[in-house]
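For reference, work-v5.cif (mmCIF, C-alpha atoms):
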```
data_input
loop_
_atom_site.group_PDB
_atom_site.id
_atom_site.type_symbol
_atom_site.label_atom_id
_atom_site.label_comp_id
_atom_site.auth_asym_id
_atom_site.auth_seq_id
_atom_site.Cartn_x
_atom_site.Cartn_y
_atom_site.Cartn_z
ATOM 1 C CA MET F 26 32.365 -37.879 0.443
ATOM 2 C CA PRO F 27 35.836 -38.063 -1.211
ATOM 3 C CA ARG F 28 38.190 -40.753 0.096
ATOM 4 C CA LYS F 29 40.771 -38.219 1.380
ATOM 5 C CA LYS F 30 38.130 -36.376 3.400
ATOM 6 C CA ILE F 31 36.890 -39.669 4.870
ATOM 7 C CA ILE F 32 40.438 -40.613 5.937
ATOM 8 C CA LYS F 33 41.034 -37.152 7.428
ATOM 9 C CA PHE F 34 37.688 -37.284 9.246
ATOM 10 C CA ALA F 35 38.464 -40.764 10.603
ATOM 11 C CA LYS F 36 41.922 -39.732 11.852
ATOM 12 C CA THR F 37 40.388 -36.830 13.750
ATOM 13 C CA THR F 38 37.247 -38.433 15.146
ATOM 14 C CA LEU F 39 38.220 -42.055 15.849
ATOM 15 C CA PRO F 40 40.835 -41.254 18.542
ATOM 16 C CA LEU F 41 38.377 -38.850 20.190
ATOM 17 C CA LEU F 42 35.566 -41.425 20.033
ATOM 18 C CA LEU F 43 37.884 -44.034 21.557
ATOM 19 C CA GLY F 44 38.721 -41.618 24.370
ATOM 20 C CA VAL F 45 35.050 -40.859 25.000
ATOM 21 C CA PHE F 46 34.274 -44.604 25.001
ATOM 22 C CA LEU F 47 37.003 -45.275 27.565
ATOM 23 C CA VAL F 48 35.684 -42.476 29.772
ATOM 24 C CA TRP F 49 32.183 -43.983 29.550
ATOM 25 C CA TYR F 50 33.483 -47.503 30.152
ATOM 26 C CA SER F 51 35.507 -46.416 33.170
ATOM 27 C CA LEU F 52 32.548 -44.655 34.776
ATOM 28 C CA SER F 53 29.862 -47.195 33.817
ATOM 29 C CA SER F 54 31.874 -50.152 35.132
ATOM 30 C CA ALA F 55 32.068 -48.521 38.593
ATOM 31 C CA THR F 56 29.307 -48.840 41.173
ATOM 32 C CA PRO F 57 27.320 -45.726 42.194
ATOM 33 C CA ALA F 58 29.316 -45.617 45.451
ATOM 34 C CA GLU F 59 32.628 -45.809 43.563
ATOM 35 C CA ARG F 60 31.557 -43.058 41.154
ATOM 36 C CA ALA F 61 30.549 -40.891 44.119
ATOM 37 C CA GLU F 62 33.945 -41.498 45.743
ATOM 38 C CA LEU F 63 35.746 -40.603 42.486
ATOM 39 C CA TRP F 64 33.768 -37.379 42.107
ATOM 40 C CA ASN F 65 34.233 -36.500 45.778
ATOM 41 C CA ASN F 66 38.013 -36.936 45.502
ATOM 42 C CA ILE F 67 38.114 -34.582 42.508
ATOM 43 C CA LEU F 68 35.895 -31.946 44.161
ATOM 44 C CA LEU F 69 37.828 -31.961 47.430
ATOM 45 C CA ALA F 70 41.283 -31.888 45.813
ATOM 46 C CA ASP F 71 43.718 -29.356 47.270
ATOM 47 C CA HIS F 72 43.767 -26.600 44.646
ATOM 48 C CA LYS F 73 47.041 -25.154 45.950
ATOM 49 C CA TRP F 74 48.950 -28.189 44.677
ATOM 50 C CA ILE F 75 47.091 -28.115 41.366
ATOM 51 C CA ALA F 76 48.218 -24.501 40.892
ATOM 52 C CA ILE F 77 51.830 -25.479 41.662
ATOM 53 C CA SER F 78 51.617 -28.358 39.187
ATOM 54 C CA LEU F 79 50.292 -26.006 36.489
ATOM 55 C CA PHE F 80 53.141 -23.549 37.139
ATOM 56 C CA LEU F 81 55.712 -26.352 36.825
ATOM 57 C CA GLY F 82 54.042 -27.487 33.606
ATOM 58 C CA LEU F 83 54.208 -23.936 32.231
ATOM 59 C CA LEU F 84 57.935 -23.767 33.047
ATOM 60 C CA SER F 85 58.522 -26.978 31.088
ATOM 61 C CA HIS F 86 56.681 -25.588 28.041
ATOM 62 C CA MET F 87 58.663 -22.362 28.181
ATOM 63 C CA SER F 88 61.927 -24.271 28.517
ATOM 64 C CA ARG F 89 61.025 -26.418 25.486
ATOM 65 C CA ALA F 90 60.377 -23.302 23.395
ATOM 66 C CA TYR F 91 63.653 -21.741 24.541
ATOM 67 C CA ARG F 92 65.619 -24.973 23.962
ATOM 68 C CA TRP F 93 64.477 -25.021 20.330
ATOM 69 C CA LYS F 94 66.680 -22.027 19.496
ATOM 70 C CA TYR F 95 69.844 -24.046 20.182
ATOM 71 C CA LEU F 96 68.915 -26.381 17.300
ATOM 72 C CA LEU F 97 67.944 -23.591 14.900
ATOM 73 C CA GLU F 98 71.008 -21.387 15.534
ATOM 74 C CA PRO F 99 73.544 -23.584 13.659
ATOM 75 C CA MET F 100 71.462 -23.139 10.481
ATOM 76 C CA GLY F 101 71.425 -19.358 10.882
ATOM 77 C CA TYR F 102 67.908 -18.906 12.289
ATOM 78 C CA GLN F 103 67.023 -16.979 15.433
ATOM 79 C CA PRO F 104 63.255 -17.053 15.959
ATOM 80 C CA LYS F 105 61.548 -14.854 18.527
ATOM 81 C CA PHE F 106 60.867 -16.656 21.793
ATOM 82 C CA ALA F 107 57.188 -15.629 21.629
ATOM 83 C CA ASN F 108 56.766 -17.318 18.224
ATOM 84 C CA SER F 109 58.588 -20.445 19.407
ATOM 85 C CA PHE F 110 56.442 -20.663 22.545
ATOM 86 C CA MET F 111 53.166 -20.143 20.685
ATOM 87 C CA ALA F 112 54.199 -22.706 18.049
ATOM 88 C CA VAL F 113 54.933 -25.240 20.802
ATOM 89 C CA MET F 114 51.594 -24.641 22.548
ATOM 90 C CA GLY F 115 49.663 -24.739 19.268
ATOM 91 C CA GLY F 116 51.333 -28.078 18.563
ATOM 92 C CA TYR F 117 50.310 -29.444 21.961
ATOM 93 C CA LEU F 118 46.730 -28.387 21.270
ATOM 94 C CA ALA F 119 46.742 -30.165 17.889
ATOM 95 C CA ASN F 120 47.970 -33.380 19.547
ATOM 96 C CA LEU F 121 44.769 -33.476 21.614
ATOM 97 C CA GLY F 122 42.845 -33.930 18.351
ATOM 98 C CA VAL F 123 45.161 -36.098 16.242
ATOM 99 C CA PRO F 124 48.178 -37.823 17.822
ATOM 100 C CA ARG F 125 51.566 -36.545 16.521
ATOM 101 C CA SER F 126 49.918 -33.911 14.311
ATOM 102 C CA GLY F 127 51.256 -31.243 16.664
ATOM 103 C CA GLU F 128 54.824 -31.700 15.467
ATOM 104 C CA VAL F 129 53.745 -30.944 11.896
ATOM 105 C CA LEU F 130 51.711 -27.899 12.966
ATOM 106 C CA ARG F 131 54.582 -26.661 15.122
ATOM 107 C CA GLY F 132 57.016 -26.896 12.198
ATOM 108 C CA ALA F 133 54.553 -25.248 9.823
ATOM 109 C CA THR F 134 53.858 -22.424 12.307
ATOM 110 C CA ILE F 135 57.503 -21.480 12.860
ATOM 111 C CA SER F 136 58.077 -21.810 9.108
ATOM 112 C CA THR F 137 55.260 -19.364 8.409
ATOM 113 C CA TYR F 138 56.169 -16.684 10.936
ATOM 114 C CA GLU F 139 59.980 -16.952 11.019
ATOM 115 C CA ASP F 140 60.751 -17.795 7.362
ATOM 116 C CA ILE F 141 62.396 -21.087 8.309
ATOM 117 C CA PRO F 142 62.060 -23.897 5.704
ATOM 118 C CA PHE F 143 59.535 -26.388 7.027
ATOM 119 C CA GLU F 144 61.741 -29.441 6.443
ATOM 120 C CA LYS F 145 64.589 -27.903 8.460
ATOM 121 C CA ALA F 146 62.281 -26.866 11.298
ATOM 122 C CA PHE F 147 60.682 -30.316 11.330
ATOM 123 C CA GLY F 148 64.131 -31.933 11.365
ATOM 124 C CA THR F 149 65.001 -30.065 14.565
ATOM 125 C CA ILE F 150 61.729 -31.253 16.106
ATOM 126 C CA VAL F 151 62.666 -34.855 15.252
ATOM 127 C CA SER F 152 66.042 -34.305 16.958
ATOM 128 C CA GLU F 153 64.224 -32.917 20.007
ATOM 129 C CA ARG F 154 62.027 -35.995 20.160
ATOM 130 C CA ILE F 155 65.064 -38.275 20.020
ATOM 131 C CA ALA F 156 66.630 -36.349 22.930
ATOM 132 C CA ASP F 157 63.340 -36.620 24.853
ATOM 133 C CA LEU F 158 63.108 -40.355 24.111
ATOM 134 C CA LEU F 159 66.591 -40.813 25.555
ATOM 135 C CA MET F 160 65.475 -38.966 28.703
ATOM 136 C CA LEU F 161 62.374 -41.149 28.932
ATOM 137 C CA LEU F 162 64.558 -44.237 28.458
ATOM 138 C CA LEU F 163 66.770 -43.117 31.364
ATOM 139 C CA ILE F 164 63.675 -42.592 33.532
ATOM 140 C CA VAL F 165 62.330 -46.025 32.532
ATOM 141 C CA ILE F 166 65.659 -47.627 33.508
ATOM 142 C CA ALA F 167 65.666 -45.706 36.821
ATOM 143 C CA GLY F 168 62.052 -46.755 37.400
ATOM 144 C CA LEU F 169 62.875 -50.400 36.715
ATOM 145 C CA LEU F 170 65.791 -50.255 39.148
ATOM 146 C CA ILE F 171 63.584 -48.699 41.842
ATOM 147 C CA GLN F 172 60.404 -50.687 41.223
ATOM 148 C CA THR F 173 61.209 -53.600 38.904
ATOM 149 C CA GLU F 174 58.429 -56.010 39.812
ATOM 150 C CA GLY F 175 55.541 -53.520 39.791
ATOM 151 C CA LEU F 176 56.455 -51.960 36.426
ATOM 152 C CA LEU F 177 57.215 -55.264 34.700
ATOM 153 C CA ASN F 178 53.911 -56.707 35.909
ATOM 154 C CA TYR F 179 52.006 -53.670 34.589
ATOM 155 C CA PHE F 180 53.796 -53.718 31.214
ATOM 156 C CA ASP F 181 53.232 -57.477 30.911
ATOM 157 C CA ASN F 182 49.532 -57.286 31.814
ATOM 158 C CA HIS F 183 48.941 -54.478 29.283
ATOM 159 C CA ASP F 184 51.245 -55.797 26.506
ATOM 160 C CA ILE F 185 53.502 -52.722 26.645
ATOM 161 C CA ASN F 186 57.141 -52.839 25.605
ATOM 162 C CA PRO F 187 58.721 -49.382 26.064
ATOM 163 C CA PHE F 188 61.959 -50.424 24.372
ATOM 164 C CA VAL F 189 60.073 -51.347 21.184
ATOM 165 C CA SER F 190 58.539 -47.851 21.047
ATOM 166 C CA ILE F 191 61.944 -46.199 21.474
ATOM 167 C CA GLY F 192 63.667 -48.555 19.033
ATOM 168 C CA THR F 193 61.026 -47.901 16.359
ATOM 169 C CA VAL F 194 62.010 -44.219 16.175
ATOM 170 C CA PHE F 195 65.685 -45.035 15.623
ATOM 171 C CA ILE F 196 64.839 -47.642 12.951
ATOM 172 C CA ALA F 197 62.600 -45.112 11.146
ATOM 173 C CA VAL F 198 65.469 -42.590 11.084
ATOM 174 C CA LEU F 199 67.914 -45.177 9.717
ATOM 175 C CA LEU F 200 65.450 -46.263 7.019
ATOM 176 C CA GLY F 201 64.969 -42.610 6.019
ATOM 177 C CA ILE F 202 68.727 -42.142 5.593
ATOM 178 C CA PHE F 203 68.972 -45.393 3.593
ATOM 179 C CA PHE F 204 66.102 -44.312 1.303
ATOM 180 C CA LEU F 205 67.789 -40.950 0.707
ATOM 181 C CA LYS F 206 70.960 -42.727 -0.417
ATOM 182 C CA LEU F 207 68.929 -44.888 -2.820
ATOM 183 C CA ILE F 208 67.421 -41.883 -4.628
ATOM 184 C CA LYS F 209 70.596 -39.801 -4.448
ATOM 185 C CA ARG F 210 71.306 -39.832 -8.204
ATOM 186 C CA SER F 211 67.753 -39.950 -9.546
ATOM 187 C CA GLN F 212 66.621 -37.025 -11.725
ATOM 188 C CA HIS F 213 62.896 -37.804 -11.602
ATOM 189 C CA SER F 214 61.071 -34.608 -10.588
ATOM 190 C CA ILE F 215 59.097 -36.217 -7.750
ATOM 191 C CA LEU F 216 62.159 -38.011 -6.363
ATOM 192 C CA VAL F 217 64.186 -34.797 -6.637
ATOM 193 C CA LYS F 218 61.560 -33.012 -4.495
ATOM 194 C CA ILE F 219 61.586 -35.855 -1.978
ATOM 195 C CA ARG F 220 65.388 -35.795 -1.918
ATOM 196 C CA ASN F 221 65.518 -32.026 -1.354
ATOM 197 C CA PHE F 222 62.931 -32.277 1.414
ATOM 198 C CA ALA F 223 64.827 -35.151 3.042
ATOM 199 C CA ARG F 224 68.106 -33.228 2.843
ATOM 200 C CA GLY F 225 66.527 -30.284 4.635
ATOM 201 C CA LEU F 226 65.078 -32.675 7.206
ATOM 202 C CA LEU F 227 68.485 -34.253 7.787
ATOM 203 C CA GLU F 228 70.102 -30.822 8.048
ATOM 204 C CA GLY F 229 67.627 -29.958 10.773
ATOM 205 C CA MET F 230 68.338 -33.242 12.548
ATOM 206 C CA ARG F 231 72.117 -32.803 12.264
ATOM 207 C CA SER F 232 71.829 -29.439 13.997
ATOM 208 C CA ILE F 233 71.912 -31.310 17.313
ATOM 209 C CA LEU F 234 75.519 -32.283 16.516
ATOM 210 C CA GLN F 235 76.458 -28.784 15.324
ATOM 211 C CA MET F 236 75.243 -26.857 18.362
ATOM 212 C CA LYS F 237 77.712 -24.454 19.911
ATOM 213 C CA ARG F 238 75.881 -24.488 23.237
ATOM 214 C CA LYS F 239 75.415 -28.200 23.880
ATOM 215 C CA LYS F 240 75.609 -27.773 27.662
ATOM 216 C CA GLU F 241 72.686 -25.345 27.608
ATOM 217 C CA PHE F 242 70.673 -27.747 25.430
ATOM 218 C CA ILE F 243 71.354 -30.615 27.832
ATOM 219 C CA PHE F 244 70.454 -28.400 30.805
ATOM 220 C CA HIS F 245 67.064 -27.500 29.300
ATOM 221 C CA THR F 246 66.398 -31.116 28.308
ATOM 222 C CA VAL F 247 67.010 -32.269 31.883
ATOM 223 C CA PHE F 248 65.076 -29.271 33.261
ATOM 224 C CA ILE F 249 62.019 -30.097 31.088
ATOM 225 C CA TRP F 250 61.849 -33.664 32.409
ATOM 226 C CA VAL F 251 62.510 -32.629 36.001
ATOM 227 C CA MET F 252 59.538 -30.257 35.687
ATOM 228 C CA TYR F 253 57.442 -33.114 34.255
ATOM 229 C CA LEU F 254 58.336 -35.298 37.237
ATOM 230 C CA LEU F 255 57.705 -32.502 39.755
ATOM 231 C CA MET F 256 54.347 -31.451 38.270
ATOM 232 C CA PHE F 257 53.368 -35.127 38.526
ATOM 233 C CA TYR F 258 54.775 -35.539 42.030
ATOM 234 C CA VAL F 259 53.009 -32.560 43.647
ATOM 235 C CA ILE F 260 49.580 -33.806 42.501
ATOM 236 C CA LYS F 261 49.882 -36.651 45.009
ATOM 237 C CA PHE F 262 49.248 -34.080 47.759
ATOM 238 C CA THR F 263 45.830 -33.174 46.330
ATOM 239 C CA ILE F 264 44.202 -36.396 47.575
ATOM 240 C CA PRO F 265 44.680 -37.936 51.051
ATOM 241 C CA GLU F 266 44.877 -41.489 49.643
ATOM 242 C CA THR F 267 47.809 -40.674 47.334
ATOM 243 C CA THR F 268 49.766 -38.435 49.756
ATOM 244 C CA PRO F 269 51.731 -41.379 51.273
ATOM 245 C CA LEU F 270 52.843 -42.610 47.812
ATOM 246 C CA SER F 271 56.528 -43.520 47.703
ATOM 247 C CA ILE F 272 59.030 -42.362 45.067
ATOM 248 C CA ALA F 273 58.832 -45.863 43.579
ATOM 249 C CA GLY F 274 55.070 -45.522 43.134
ATOM 250 C CA ILE F 275 55.390 -42.051 41.627
ATOM 251 C CA MET F 276 58.096 -43.203 39.178
ATOM 252 C CA ALA F 277 56.056 -46.214 38.099
ATOM 253 C CA ALA F 278 52.915 -44.115 37.573
ATOM 254 C CA PHE F 279 54.855 -41.415 35.717
ATOM 255 C CA ILE F 280 56.346 -43.924 33.266
ATOM 256 C CA VAL F 281 52.989 -45.591 32.623
ATOM 257 C CA GLY F 282 51.354 -42.171 32.184
ATOM 258 C CA SER F 283 54.036 -41.071 29.706
ATOM 259 C CA PHE F 284 53.298 -44.037 27.452
ATOM 260 C CA ALA F 285 49.536 -43.547 27.848
ATOM 261 C CA ILE F 286 49.893 -39.968 26.546
ATOM 262 C CA SER F 287 52.361 -40.786 23.750
ATOM 263 C CA THR F 288 50.213 -43.574 22.291
ATOM 264 C CA THR F 289 46.903 -41.657 22.273
ATOM 265 C CA ASN F 290 45.611 -38.161 21.513
ATOM 266 C CA GLY F 291 46.804 -36.548 24.723
ATOM 267 C CA GLY F 292 45.771 -39.466 26.912
ATOM 268 C CA ILE F 293 42.021 -38.729 26.794
ATOM 269 C CA GLY F 294 40.146 -41.494 28.603
ATOM 270 C CA VAL F 295 43.250 -43.687 28.854
ATOM 271 C CA TYR F 296 45.291 -41.664 31.347
ATOM 272 C CA PRO F 297 42.954 -41.861 34.397
ATOM 273 C CA ILE F 298 42.372 -45.585 33.792
ATOM 274 C CA ALA F 299 46.126 -46.192 33.561
ATOM 275 C CA MET F 300 46.703 -44.261 36.789
ATOM 276 C CA GLY F 301 43.991 -46.203 38.589
ATOM 277 C CA ALA F 302 45.502 -49.515 37.449
ATOM 278 C CA VAL F 303 49.146 -48.795 38.266
ATOM 279 C CA LEU F 304 48.516 -47.061 41.614
ATOM 280 C CA LEU F 305 46.430 -50.068 42.679
ATOM 281 C CA LEU F 306 49.762 -51.932 42.822
ATOM 282 C CA PHE F 307 50.912 -49.466 45.486
ATOM 283 C CA GLY F 308 47.924 -49.721 47.797
ATOM 284 C CA VAL F 309 45.838 -46.834 46.385
ATOM 285 C CA ASN F 310 42.225 -47.799 45.715
ATOM 286 C CA GLN F 311 41.089 -47.521 42.106
ATOM 287 C CA GLN F 312 38.775 -44.535 42.623
ATOM 288 C CA ALA F 313 41.515 -42.483 44.294
ATOM 289 C CA GLY F 314 44.007 -43.529 41.614
ATOM 290 C CA GLU F 315 41.641 -42.536 38.813
ATOM 291 C CA ALA F 316 40.854 -39.256 40.600
ATOM 292 C CA PHE F 317 44.622 -38.601 40.718
ATOM 293 C CA GLY F 318 44.731 -39.230 36.953
ATOM 294 C CA TRP F 319 41.739 -36.994 36.238
ATOM 295 C CA ILE F 320 43.115 -34.111 38.314
ATOM 296 C CA LEU F 321 46.555 -34.250 36.701
ATOM 297 C CA TRP F 322 45.360 -34.883 33.147
ATOM 298 C CA GLY F 323 42.446 -32.455 33.419
ATOM 299 C CA SER F 324 44.439 -29.537 34.822
ATOM 300 C CA GLN F 325 47.305 -29.865 32.325
ATOM 301 C CA THR F 326 44.868 -30.351 29.429
ATOM 302 C CA VAL F 327 42.984 -27.174 30.368
ATOM 303 C CA LEU F 328 46.334 -25.340 30.445
ATOM 304 C CA VAL F 329 47.166 -26.615 26.935
ATOM 305 C CA ILE F 330 43.706 -25.734 25.589
ATOM 306 C CA LEU F 331 43.860 -22.194 26.986
ATOM 307 C CA LEU F 332 47.468 -21.427 26.019
ATOM 308 C CA GLY F 333 47.273 -23.353 22.737
ATOM 309 C CA GLY F 334 44.033 -21.685 21.695
ATOM 310 C CA PHE F 335 45.308 -18.239 22.666
ATOM 311 C CA SER F 336 48.572 -18.878 20.797
ATOM 312 C CA LEU F 337 46.864 -19.822 17.534
ATOM 313 C CA LEU F 338 44.627 -16.735 17.786
ATOM 314 C CA PHE F 339 47.404 -14.330 18.785
ATOM 315 C CA LEU F 340 50.126 -15.511 16.358
ATOM 316 C CA PRO F 341 48.740 -13.576 13.331
ATOM 317 C CA ILE F 342 48.256 -10.447 15.489
ATOM 318 C CA PHE F 343 51.778 -10.626 16.955
ATOM 319 C CA ASN F 344 53.259 -11.038 13.485
ATOM 320 C CA GLN F 345 50.921 -8.701 11.577
ATOM 321 C CA LYS F 346 53.806 -6.400 10.523
ATOM 322 C CA LYS F 347 55.247 -9.302 8.587
#
```
Please render this file's structure as structure tokens.
Amino acid sequence: MPRKKIIKFAKTTLPLLLGVFLVWYSLSSATPAERAELWNNILLADHKWIAISLFLGLLSHMSRAYRWKYLLEPMGYQPKFANSFMAVMGGYLANLGVPRSGEVLRGATISTYEDIPFEKAFGTIVSERIADLLMLLLIVIAGLLIQTEGLLNYFDNHDINPFVSIGTVFIAVLLGIFFLKLIKRSQHSILVKIRNFARGLLEGMRSILQMKRKKEFIFHTVFIWVMYLLMFYVIKFTIPETTPLSIAGIMAAFIVGSFAISTTNGGIGVYPIAMGAVLLLFGVNQQAGEAFGWILWGSQTVLVILLGGFSLLFLPIFNQKK
């Protein structure tokens, strides 16, 4: 098998295999009674609150697709909302297979169906991620103020430094700009292509500074994260053991869950374990905590699979006139 195919195969399968292993490890390390309790919690979950959580999740996805137009408008592009939404959902679906591949697919999708240069579309996605990282940073700070000891203990025990993750993105952007300046005057064909691509990428990223409707962009950014918090919060009512959870416990679990998802392919296997570990600090037994994680992760993942799969199938039909 060619080396490129081996690398591609490994990138796709290894994260999934790791997720499957963690699922197996989590279940096999529990006693039969604990596994029965976990399964019972999932089966008896209040489906009304799951439905509300799914609706809130859908609102956040729709808001993200709508927010995208504010970054594309300064460059003269006005994509259809349907194409933006389906591109977003297709990207989420791709992230379940290979972490961070969804951003590339999302940019390629909108480029294909709306005639937007890929590098410019991808640049706007990078700007979106920076805005989202700032929101996550604010939530982390709020969480630390509310529940300093619990969060710091969890981060320390699991060797997690959220500020390093956020800082890495900013350093990568600065290095990209520095590299572009280095090759600015080169006439080598490959470097010229890289330079042109990077310029388009930077133009897409600069669109966040050129927006005419900054207030609307900020509103949708805040709305997206409020929906994330609410869809997380309402799941606590699905299980009796998690219903009494305080705001501090919810904030701590939300922050830990956010990093579990961002560092893996959609949080498969990792998310329920992380929930079980962090909620244990707030008096929730591990089986109930993991059931909370499975219900939240499972319901939102099913939503992404259904909407993402439908989007990728329907996109060519919706745009067949083109």
* Asked: Which of these residues is nearest to Gly301 (chain F), using only C-alpha atoms: F:Thr267, F:Ser283, F:Ser126, F:Gln325?
  ->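 Ranked by minimum distance to Gly301 (chain F), first place goes to F:Thr267.
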* Between F:Ile330, F:Met276, F:Val295, F:Met300, which is the closest to Ala167 (chain F) once you count all atoms listed in the file? ->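 Distance minimum relative to Ala167 (chain F) lands on F:Met276.
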* **Surrounding residues of Phe262 (chain F) excluding itself and chain neighbours under 4 positions, 10 Å, only C-alpha atoms, as a count of residues only** => 13
* Asked: From the set F:Leu83, F:Ala277, F:Met111, F:Ile249, which residue has the shortest atom-to-atom contact distance to Ala156 (chain F), counting only C-alpha atoms?
  ->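 Closest residue, counting only C-alpha atoms: F:Ile249.
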* Excluding Lys239 (chain F) and residues on its chain fewer than 2 positions from it, collect all residues at most 12 Å away from it, counting all atoms listed in the file, and give them as a ChimeraX atom specification. => /F:92-96,98-99,232-237,241-246
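For the pair CA of Gln345 (chain F) and CA of Met100 (chain F), the separation is 25.1 Å.
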